[in-house]
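Have a look at my_file.cif below; it lists mmCIF, N, CA and C atoms.
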```
data_final
loop_
_atom_site.label_atom_id
_atom_site.label_comp_id
_atom_site.auth_asym_id
_atom_site.auth_seq_id
_atom_site.Cartn_x
_atom_site.Cartn_y
_atom_site.Cartn_z
N MET I 222 -11.12 25.71 27.19
CA MET I 222 -9.87 25.47 26.54
C MET I 222 -8.75 26.34 27.07
N ALA I 223 -9.02 27.17 28.04
CA ALA I 223 -8.00 28.07 28.56
C ALA I 223 -6.82 27.31 29.16
N SER I 224 -7.03 26.09 29.60
CA SER I 224 -5.95 25.33 30.21
C SER I 224 -5.07 24.60 29.18
N ASN I 225 -5.48 24.58 27.92
CA ASN I 225 -4.66 23.96 26.89
C ASN I 225 -3.41 24.78 26.65
N LYS I 226 -2.35 24.11 26.20
CA LYS I 226 -1.09 24.77 25.88
C LYS I 226 -0.83 24.64 24.39
N THR I 227 -0.29 25.68 23.80
CA THR I 227 0.08 25.59 22.39
C THR I 227 1.34 24.74 22.26
N PHE I 228 1.49 24.08 21.14
CA PHE I 228 2.67 23.26 20.91
C PHE I 228 2.97 23.22 19.42
N ARG I 229 4.17 22.77 19.10
CA ARG I 229 4.62 22.59 17.72
C ARG I 229 5.30 21.24 17.63
N PHE I 230 5.10 20.54 16.52
CA PHE I 230 5.87 19.32 16.27
C PHE I 230 6.64 19.51 14.97
N GLY I 231 7.77 18.82 14.87
CA GLY I 231 8.61 18.90 13.69
C GLY I 231 9.39 20.19 13.62
N PRO I 232 10.03 20.47 12.52
CA PRO I 232 9.95 19.73 11.27
C PRO I 232 10.72 18.42 11.32
N VAL I 233 10.19 17.45 10.59
CA VAL I 233 10.83 16.14 10.47
C VAL I 233 10.64 15.65 9.04
N ALA I 234 11.65 14.99 8.51
CA ALA I 234 11.57 14.46 7.15
C ALA I 234 10.56 13.32 7.09
N MET I 235 9.74 13.31 6.05
CA MET I 235 8.77 12.24 5.85
C MET I 235 9.45 11.09 5.12
N SER I 236 9.17 9.87 5.55
CA SER I 236 9.76 8.70 4.90
C SER I 236 8.89 8.26 3.73
N ALA I 237 9.42 7.34 2.94
CA ALA I 237 8.66 6.78 1.82
C ALA I 237 7.76 5.64 2.28
N THR I 238 7.76 5.33 3.56
CA THR I 238 6.88 4.30 4.12
C THR I 238 5.58 4.97 4.56
N LEU I 239 4.47 4.61 3.94
CA LEU I 239 3.20 5.28 4.20
C LEU I 239 2.54 4.88 5.52
N THR I 240 3.20 4.02 6.29
CA THR I 240 2.66 3.61 7.59
C THR I 240 3.53 4.14 8.74
N THR I 241 4.24 5.21 8.51
CA THR I 241 5.11 5.80 9.53
C THR I 241 4.27 6.61 10.53
N ASN I 242 4.45 6.35 11.83
CA ASN I 242 3.80 7.16 12.85
C ASN I 242 4.43 8.55 12.87
N ILE I 243 3.61 9.57 12.72
CA ILE I 243 4.10 10.95 12.69
C ILE I 243 3.80 11.67 13.99
N LEU I 244 2.60 11.47 14.55
CA LEU I 244 2.22 12.19 15.76
C LEU I 244 1.21 11.37 16.55
N ASN I 245 1.37 11.38 17.88
CA ASN I 245 0.47 10.70 18.81
C ASN I 245 0.55 11.40 20.15
N PRO I 246 -0.58 11.72 20.78
CA PRO I 246 -0.54 12.37 22.09
C PRO I 246 0.01 11.44 23.17
N PRO I 247 0.62 12.01 24.20
CA PRO I 247 1.10 11.19 25.31
C PRO I 247 -0.06 10.52 26.05
N ALA I 248 0.17 9.32 26.51
CA ALA I 248 -0.80 8.59 27.32
C ALA I 248 -0.24 8.48 28.74
N ALA I 249 -1.08 8.61 29.74
CA ALA I 249 -0.64 8.45 31.13
C ALA I 249 -0.67 6.98 31.48
N SER I 250 0.39 6.49 32.11
CA SER I 250 0.40 5.10 32.55
C SER I 250 1.44 4.89 33.62
N GLY I 251 1.09 4.12 34.62
CA GLY I 251 2.02 3.70 35.67
C GLY I 251 2.77 4.81 36.37
N GLY I 252 3.70 4.43 37.21
CA GLY I 252 4.58 5.37 37.91
C GLY I 252 3.85 6.40 38.73
N VAL I 253 4.43 7.56 38.84
CA VAL I 253 3.90 8.64 39.67
C VAL I 253 2.53 9.10 39.21
N ASN I 254 2.30 9.08 37.90
CA ASN I 254 1.04 9.58 37.36
C ASN I 254 -0.02 8.49 37.17
N ALA I 255 0.14 7.35 37.81
CA ALA I 255 -0.83 6.27 37.64
C ALA I 255 -2.23 6.76 37.95
N GLY I 256 -3.14 6.46 37.07
CA GLY I 256 -4.53 6.85 37.26
C GLY I 256 -4.86 8.24 36.74
N SER I 257 -3.87 8.99 36.26
CA SER I 257 -4.16 10.31 35.72
C SER I 257 -4.67 10.17 34.29
N SER I 258 -5.28 11.22 33.80
CA SER I 258 -5.86 11.19 32.45
C SER I 258 -4.78 11.30 31.38
N GLY I 259 -5.06 10.68 30.23
CA GLY I 259 -4.19 10.84 29.08
C GLY I 259 -4.34 12.24 28.51
N GLN I 260 -3.59 12.54 27.49
CA GLN I 260 -3.64 13.85 26.87
C GLN I 260 -4.25 13.77 25.48
N TYR I 261 -4.62 14.92 24.94
CA TYR I 261 -5.13 14.99 23.57
C TYR I 261 -4.48 16.17 22.87
N ILE I 262 -4.50 16.10 21.56
CA ILE I 262 -3.95 17.17 20.72
C ILE I 262 -5.05 17.67 19.80
N ILE I 263 -5.11 18.97 19.64
CA ILE I 263 -5.97 19.57 18.62
C ILE I 263 -5.04 20.21 17.59
N LEU I 264 -4.95 19.59 16.42
CA LEU I 264 -4.12 20.14 15.35
C LEU I 264 -4.86 21.28 14.68
N ARG I 265 -4.17 22.38 14.46
CA ARG I 265 -4.76 23.54 13.81
C ARG I 265 -4.09 23.85 12.47
N HIS I 266 -2.83 23.43 12.32
CA HIS I 266 -2.10 23.74 11.09
C HIS I 266 -1.02 22.69 10.85
N ILE I 267 -0.89 22.29 9.60
CA ILE I 267 0.20 21.42 9.16
C ILE I 267 0.80 22.04 7.91
N ARG I 268 2.12 22.08 7.86
CA ARG I 268 2.82 22.54 6.65
C ARG I 268 3.74 21.42 6.18
N ILE I 269 3.66 21.12 4.89
CA ILE I 269 4.53 20.13 4.28
C ILE I 269 5.35 20.84 3.21
N VAL I 270 6.67 20.76 3.35
CA VAL I 270 7.60 21.49 2.48
C VAL I 270 8.33 20.51 1.57
N ASN I 271 8.38 20.83 0.29
CA ASN I 271 9.12 20.05 -0.69
C ASN I 271 10.44 20.76 -0.97
N LYS I 272 11.55 20.10 -0.65
CA LYS I 272 12.87 20.72 -0.84
C LYS I 272 13.55 20.27 -2.12
N THR I 273 12.82 19.56 -2.98
CA THR I 273 13.42 19.00 -4.19
C THR I 273 13.01 19.79 -5.44
N ALA I 274 13.62 19.43 -6.56
CA ALA I 274 13.34 20.09 -7.84
C ALA I 274 12.21 19.41 -8.61
N GLY I 275 11.51 18.46 -7.98
CA GLY I 275 10.40 17.77 -8.63
C GLY I 275 9.21 17.64 -7.69
N ALA I 276 8.03 17.47 -8.24
CA ALA I 276 6.83 17.29 -7.42
C ALA I 276 6.90 15.97 -6.65
N VAL I 277 6.40 15.98 -5.42
CA VAL I 277 6.37 14.79 -4.56
C VAL I 277 4.99 14.76 -3.89
N THR I 278 4.41 13.56 -3.74
CA THR I 278 3.10 13.44 -3.10
C THR I 278 3.23 12.99 -1.65
N PHE I 279 2.18 13.29 -0.87
CA PHE I 279 2.10 12.83 0.51
C PHE I 279 0.70 12.35 0.81
N SER I 280 0.58 11.53 1.84
CA SER I 280 -0.71 11.03 2.31
C SER I 280 -0.66 10.91 3.83
N LEU I 281 -1.77 11.27 4.49
CA LEU I 281 -1.88 11.15 5.95
C LEU I 281 -3.17 10.45 6.32
N TRP I 282 -3.09 9.57 7.31
CA TRP I 282 -4.24 8.83 7.84
C TRP I 282 -4.35 9.10 9.34
N LEU I 283 -5.55 8.89 9.88
CA LEU I 283 -5.78 8.99 11.32
C LEU I 283 -6.34 7.65 11.78
N GLY I 284 -5.59 6.97 12.65
CA GLY I 284 -6.05 5.67 13.09
C GLY I 284 -5.09 5.01 14.04
N ALA I 285 -4.93 3.71 13.88
CA ALA I 285 -4.08 2.92 14.76
C ALA I 285 -2.60 3.10 14.40
N THR I 286 -1.74 2.73 15.33
CA THR I 286 -0.30 2.85 15.11
C THR I 286 0.14 2.06 13.88
N GLY I 287 0.91 2.70 13.01
CA GLY I 287 1.45 2.04 11.83
C GLY I 287 0.42 1.53 10.85
N ALA I 288 -0.76 2.14 10.82
CA ALA I 288 -1.82 1.64 9.94
C ALA I 288 -2.33 2.74 9.02
N ASN I 289 -2.69 2.35 7.81
CA ASN I 289 -3.31 3.29 6.88
C ASN I 289 -4.49 2.61 6.18
N ALA I 290 -5.43 2.19 6.99
CA ALA I 290 -6.58 1.44 6.49
C ALA I 290 -7.50 2.32 5.65
N ALA I 291 -8.15 1.69 4.67
CA ALA I 291 -9.14 2.39 3.85
C ALA I 291 -10.22 3.00 4.75
N GLY I 292 -10.58 4.21 4.45
CA GLY I 292 -11.60 4.90 5.23
C GLY I 292 -11.04 5.77 6.34
N THR I 293 -9.71 5.71 6.57
CA THR I 293 -9.10 6.54 7.61
C THR I 293 -8.25 7.66 7.03
N GLU I 294 -8.33 7.86 5.72
CA GLU I 294 -7.61 8.96 5.08
C GLU I 294 -8.10 10.27 5.68
N VAL I 295 -7.16 11.17 5.96
CA VAL I 295 -7.58 12.40 6.62
C VAL I 295 -7.07 13.65 5.93
N ILE I 296 -5.84 13.67 5.46
CA ILE I 296 -5.29 14.87 4.81
C ILE I 296 -4.42 14.42 3.64
N GLY I 297 -4.65 14.99 2.47
CA GLY I 297 -3.76 14.86 1.33
C GLY I 297 -3.53 13.48 0.79
N GLN I 298 -4.55 12.74 0.50
CA GLN I 298 -4.36 11.41 -0.07
C GLN I 298 -3.73 11.52 -1.46
N GLY I 299 -2.43 11.24 -1.55
CA GLY I 299 -1.71 11.36 -2.82
C GLY I 299 -1.61 12.79 -3.31
N ARG I 300 -1.66 13.73 -2.40
CA ARG I 300 -1.62 15.16 -2.77
C ARG I 300 -0.22 15.58 -3.19
N SER I 301 -0.13 16.26 -4.30
CA SER I 301 1.16 16.65 -4.86
C SER I 301 1.60 18.01 -4.30
N VAL I 302 2.87 18.06 -3.90
CA VAL I 302 3.49 19.33 -3.48
C VAL I 302 4.49 19.70 -4.57
N ALA I 303 4.30 20.85 -5.18
CA ALA I 303 5.14 21.29 -6.28
C ALA I 303 6.60 21.41 -5.85
N ALA I 304 7.50 21.36 -6.83
CA ALA I 304 8.93 21.49 -6.57
C ALA I 304 9.24 22.78 -5.81
N ASN I 305 10.09 22.67 -4.80
CA ASN I 305 10.53 23.83 -4.02
C ASN I 305 9.37 24.68 -3.51
N SER I 306 8.30 24.01 -3.08
CA SER I 306 7.10 24.70 -2.62
C SER I 306 6.61 24.06 -1.33
N TYR I 307 5.41 24.40 -0.92
CA TYR I 307 4.84 23.86 0.30
C TYR I 307 3.33 23.76 0.18
N GLU I 308 2.75 22.97 1.06
CA GLU I 308 1.30 22.78 1.15
C GLU I 308 0.89 23.03 2.59
N ASP I 309 -0.09 23.90 2.80
CA ASP I 309 -0.60 24.17 4.15
C ASP I 309 -1.98 23.55 4.31
N TRP I 310 -2.23 23.01 5.50
CA TRP I 310 -3.56 22.52 5.89
C TRP I 310 -3.95 23.26 7.16
N TYR I 311 -5.16 23.80 7.17
CA TYR I 311 -5.71 24.44 8.36
C TYR I 311 -7.01 23.76 8.71
N GLY I 312 -7.24 23.55 9.97
CA GLY I 312 -8.46 22.90 10.40
C GLY I 312 -8.48 22.75 11.91
N MET I 313 -9.23 21.77 12.37
CA MET I 313 -9.31 21.46 13.79
C MET I 313 -9.52 19.96 13.90
N LEU I 314 -8.42 19.24 14.12
CA LEU I 314 -8.43 17.79 14.15
C LEU I 314 -7.96 17.32 15.51
N ARG I 315 -8.84 16.63 16.25
CA ARG I 315 -8.48 16.14 17.59
C ARG I 315 -7.89 14.74 17.51
N LEU I 316 -6.79 14.54 18.23
CA LEU I 316 -6.16 13.23 18.37
C LEU I 316 -6.17 12.87 19.85
N ASP I 317 -6.80 11.76 20.19
CA ASP I 317 -6.77 11.26 21.56
C ASP I 317 -5.60 10.27 21.69
N ALA I 318 -5.38 9.77 22.90
CA ALA I 318 -4.21 8.94 23.18
C ALA I 318 -4.12 7.70 22.29
N ALA I 319 -5.23 7.19 21.80
CA ALA I 319 -5.21 6.00 20.94
C ALA I 319 -5.11 6.35 19.46
N ASP I 320 -5.10 7.64 19.14
CA ASP I 320 -5.06 8.08 17.74
C ASP I 320 -3.64 8.38 17.29
N PHE I 321 -3.31 7.94 16.08
CA PHE I 321 -2.01 8.20 15.49
C PHE I 321 -2.21 8.90 14.15
N LEU I 322 -1.46 9.96 13.91
CA LEU I 322 -1.37 10.55 12.59
C LEU I 322 -0.26 9.78 11.88
N VAL I 323 -0.62 9.08 10.82
CA VAL I 323 0.28 8.16 10.13
C VAL I 323 0.39 8.61 8.68
N GLY I 324 1.56 8.44 8.08
CA GLY I 324 1.67 8.79 6.68
C GLY I 324 3.08 8.72 6.15
N GLY I 325 3.24 9.28 4.96
CA GLY I 325 4.54 9.29 4.31
C GLY I 325 4.46 10.01 2.98
N ALA I 326 5.57 9.94 2.25
CA ALA I 326 5.71 10.64 0.98
C ALA I 326 6.06 9.64 -0.13
N SER I 327 5.92 10.08 -1.36
CA SER I 327 6.25 9.21 -2.49
C SER I 327 7.76 9.06 -2.67
N ALA I 328 8.53 9.95 -2.07
CA ALA I 328 9.99 9.87 -2.12
C ALA I 328 10.55 10.23 -0.75
N GLY I 329 11.28 9.32 -0.15
CA GLY I 329 11.79 9.52 1.21
C GLY I 329 12.69 10.74 1.35
N THR I 330 12.51 11.45 2.43
CA THR I 330 13.24 12.66 2.85
C THR I 330 13.14 13.83 1.87
N SER I 331 12.21 13.76 0.93
CA SER I 331 11.99 14.88 0.00
C SER I 331 11.06 15.93 0.60
N LEU I 332 10.18 15.48 1.49
CA LEU I 332 9.23 16.38 2.14
C LEU I 332 9.52 16.44 3.63
N SER I 333 9.29 17.60 4.23
CA SER I 333 9.33 17.69 5.68
C SER I 333 7.97 18.18 6.16
N ILE I 334 7.59 17.74 7.36
CA ILE I 334 6.28 18.08 7.93
C ILE I 334 6.49 18.75 9.28
N GLU I 335 5.68 19.75 9.53
CA GLU I 335 5.64 20.39 10.85
C GLU I 335 4.24 20.91 11.06
N GLY I 336 3.88 21.12 12.30
CA GLY I 336 2.54 21.58 12.59
C GLY I 336 2.43 22.24 13.95
N GLU I 337 1.29 22.88 14.15
CA GLU I 337 1.00 23.56 15.41
C GLU I 337 -0.40 23.22 15.86
N GLY I 338 -0.62 23.36 17.14
CA GLY I 338 -1.94 23.11 17.70
C GLY I 338 -1.94 23.33 19.19
N GLU I 339 -2.84 22.63 19.85
CA GLU I 339 -2.98 22.70 21.31
C GLU I 339 -2.87 21.30 21.89
N ILE I 340 -2.39 21.24 23.13
CA ILE I 340 -2.36 19.97 23.84
C ILE I 340 -3.06 20.19 25.18
N GLY I 341 -3.86 19.21 25.57
CA GLY I 341 -4.59 19.32 26.82
C GLY I 341 -4.72 17.97 27.49
N VAL I 342 -5.30 17.98 28.70
CA VAL I 342 -5.50 16.77 29.48
C VAL I 342 -6.95 16.32 29.31
N ALA I 343 -7.12 15.08 28.88
CA ALA I 343 -8.47 14.53 28.69
C ALA I 343 -9.10 14.21 30.04
N GLY I 344 -10.41 14.22 30.06
CA GLY I 344 -11.13 13.80 31.25
C GLY I 344 -11.17 14.82 32.27
#
```

Using C-alpha coordinates, write down the structure that the file contains.
Amino acid sequence: MASNKTFRFGPVAMSATLTTNILNPPAASGGVNAGSSGQYIILRHIRIVNKTAGAVTFSLWLGATGANAAGTEVIGQGRSVAANSYEDWYGMLRLDAADFLVGGASAGTSLSIEGEGEIGVAG
(Lines of atoms letter the chains of each structure in order from A and count residues from 1; the text may use other names and numbers.)
(Lines give C-alpha, C1' and ligand atoms only; values in the text may rest on other atoms or scores of the structure.)
Protein backbone atom coordinates (compact mmCIF):
# COMPACT_ATOMS: atom_id res chain seq x y z
CA MET A 1 0.00 0.00 0.00
CA ALA A 2 2.99 2.32 0.01
CA SER A 3 2.08 3.54 -3.47
CA ASN A 4 -1.42 4.66 -2.43
CA LYS A 5 -2.04 8.37 -1.96
CA THR A 6 -4.16 9.92 0.74
CA PHE A 7 -7.14 11.95 -0.42
CA ARG A 8 -10.14 13.87 0.87
CA PHE A 9 -13.56 14.38 -0.68
CA GLY A 10 -16.06 17.09 0.20
CA PRO A 11 -17.41 18.74 2.14
CA VAL A 12 -20.53 18.77 0.01
CA ALA A 13 -24.18 19.28 0.95
CA MET A 14 -26.27 16.11 0.92
CA SER A 15 -29.48 16.26 -1.10
CA ALA A 16 -32.88 14.93 -0.08
CA THR A 17 -32.67 12.45 -2.99
CA LEU A 18 -31.49 9.13 -1.55
CA THR A 19 -30.10 7.98 -4.92
CA THR A 20 -27.52 10.76 -5.27
CA ASN A 21 -24.02 9.62 -6.31
CA ILE A 22 -21.61 10.85 -3.64
CA LEU A 23 -18.31 9.14 -4.47
CA ASN A 24 -16.90 6.89 -7.21
CA PRO A 25 -13.26 6.11 -8.08
CA PRO A 26 -11.93 7.21 -11.47
CA ALA A 27 -11.99 4.61 -14.24
CA ALA A 28 -9.35 4.50 -16.98
CA SER A 29 -10.72 4.59 -20.51
CA GLY A 30 -9.61 5.62 -23.97
CA GLY A 31 -7.17 8.37 -24.91
CA VAL A 32 -3.59 8.40 -23.71
CA ASN A 33 -4.28 6.00 -20.84
CA ALA A 34 -6.08 3.37 -22.92
CA GLY A 35 -5.50 -0.05 -21.44
CA SER A 36 -4.33 1.25 -18.07
CA SER A 37 -5.89 0.03 -14.84
CA GLY A 38 -8.78 1.77 -13.14
CA GLN A 39 -8.40 3.17 -9.65
CA TYR A 40 -9.84 2.22 -6.28
CA ILE A 41 -10.58 4.07 -3.07
CA ILE A 42 -10.22 2.83 0.48
CA LEU A 43 -12.44 4.97 2.72
CA ARG A 44 -11.17 5.28 6.28
CA HIS A 45 -13.33 8.08 7.69
CA ILE A 46 -16.59 9.85 6.90
CA ARG A 47 -17.98 12.82 8.82
CA ILE A 48 -21.54 14.03 8.40
CA VAL A 49 -22.31 17.45 9.90
CA ASN A 50 -25.77 18.77 10.75
CA LYS A 51 -25.88 22.57 10.49
CA THR A 52 -29.55 22.89 11.48
CA ALA A 53 -31.45 23.31 14.75
CA GLY A 54 -33.22 19.95 14.33
CA ALA A 55 -32.23 16.30 13.95
CA VAL A 56 -31.79 15.06 10.35
CA THR A 57 -31.25 11.48 9.14
CA PHE A 58 -28.92 10.14 6.45
CA SER A 59 -28.48 6.86 4.59
CA LEU A 60 -25.62 5.54 2.43
CA TRP A 61 -25.53 2.56 0.05
CA LEU A 62 -22.71 0.89 -1.89
CA GLY A 63 -23.64 -0.29 -5.35
CA ALA A 64 -24.54 0.84 -8.84
CA THR A 65 -24.81 4.46 -9.95
CA GLY A 66 -27.94 6.16 -8.65
CA ALA A 67 -29.18 3.01 -6.91
CA ASN A 68 -30.09 2.17 -3.34
CA ALA A 69 -31.23 -1.42 -3.64
CA ALA A 70 -32.18 -3.50 -0.61
CA GLY A 71 -29.17 -5.35 0.73
CA THR A 72 -26.64 -2.69 -0.32
CA GLU A 73 -27.03 -0.50 2.77
CA VAL A 74 -23.58 0.28 4.10
CA ILE A 75 -23.51 3.22 6.54
CA GLY A 76 -26.22 4.91 8.59
CA GLN A 77 -29.50 3.57 7.29
CA GLY A 78 -31.86 6.30 8.56
CA ARG A 79 -29.25 7.31 11.14
CA SER A 80 -30.10 10.49 13.00
CA VAL A 81 -27.58 13.32 13.40
CA ALA A 82 -28.49 15.57 16.32
CA ALA A 83 -29.04 19.31 15.82
CA ASN A 84 -25.79 21.27 15.34
CA SER A 85 -23.77 18.08 15.74
CA TYR A 86 -21.93 15.49 13.65
CA GLU A 87 -21.62 11.75 13.10
CA ASP A 88 -18.26 10.06 12.43
CA TRP A 89 -17.75 6.69 10.73
CA TYR A 90 -14.39 4.92 10.85
CA GLY A 91 -13.62 1.75 8.98
CA MET A 92 -12.03 0.37 5.85
CA LEU A 93 -14.37 0.30 2.86
CA ARG A 94 -12.98 -0.37 -0.64
CA LEU A 95 -14.68 1.12 -3.70
CA ASP A 96 -13.62 -0.15 -7.12
CA ALA A 97 -14.34 1.65 -10.41
CA ALA A 98 -17.83 0.12 -10.69
CA ASP A 99 -18.76 0.96 -7.09
CA PHE A 100 -20.69 4.09 -6.12
CA LEU A 101 -21.28 5.46 -2.65
CA VAL A 102 -24.88 6.64 -2.98
CA GLY A 103 -27.14 8.35 -0.48
CA GLY A 104 -28.87 11.39 0.86
CA ALA A 105 -30.51 13.06 3.82
CA SER A 106 -34.06 13.46 5.09
CA ALA A 107 -33.81 17.22 4.48
CA GLY A 108 -31.86 18.66 1.55
CA THR A 109 -28.72 20.73 2.29
CA SER A 110 -29.12 20.24 6.06
CA LEU A 111 -26.21 17.80 6.23
CA SER A 112 -22.77 18.00 4.70
CA ILE A 113 -20.50 15.00 4.09
CA GLU A 114 -16.74 14.76 3.84
CA GLY A 115 -14.29 11.94 4.15
CA GLU A 116 -10.71 10.76 3.92
CA GLY A 117 -8.99 7.66 2.69
CA GLU A 118 -6.52 6.33 0.15
CA ILE A 119 -6.61 6.09 -3.61
CA GLY A 120 -4.62 3.59 -5.62
CA VAL A 121 -4.31 1.92 -9.01
CA ALA A 122 -6.03 -1.45 -9.37
CA GLY A 123 -4.34 -4.36 -11.05

With all atoms listed in the file as the basis for distance, which of I:Ser258, I:Phe230, I:Val323, I:Tyr311 is at the shortest distance from Ser280 (chain I)?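 When distances to Ser280 (chain I) are compared using all atoms listed in the file, the smallest one comes from I:Val323.
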
List the residues matched by the PyMOL selection byres ((chain I and resi 260) around 7) in the displayed structure as a PyMOL selection string, ordered by chain and then by residue number. chain I and resi 246-249+258-259+261-262+316-318+340-343

Just the number, please: distance in Å from atom C of Asp309 (chain I) to atom N of Thr240 (chain I), one decimal. 20.3 Å

List, as a PyMOL selection string, every residue that the PyMOL selection byres (((chain I and resi 331 and name CA) around 9) and name CA) selects in the file provided. chain I and resi 234-237+270-273+277+326-330+332-333

Using the chain letters and numbering of this document, enumerate as a VMD selection string the residues selected by the PyMOL selection byres (((chain I and resi 284 and name CA) around 8) and name CA). chain I and resid 282 to 283 285 to 286 288 to 290 293 319 to 323
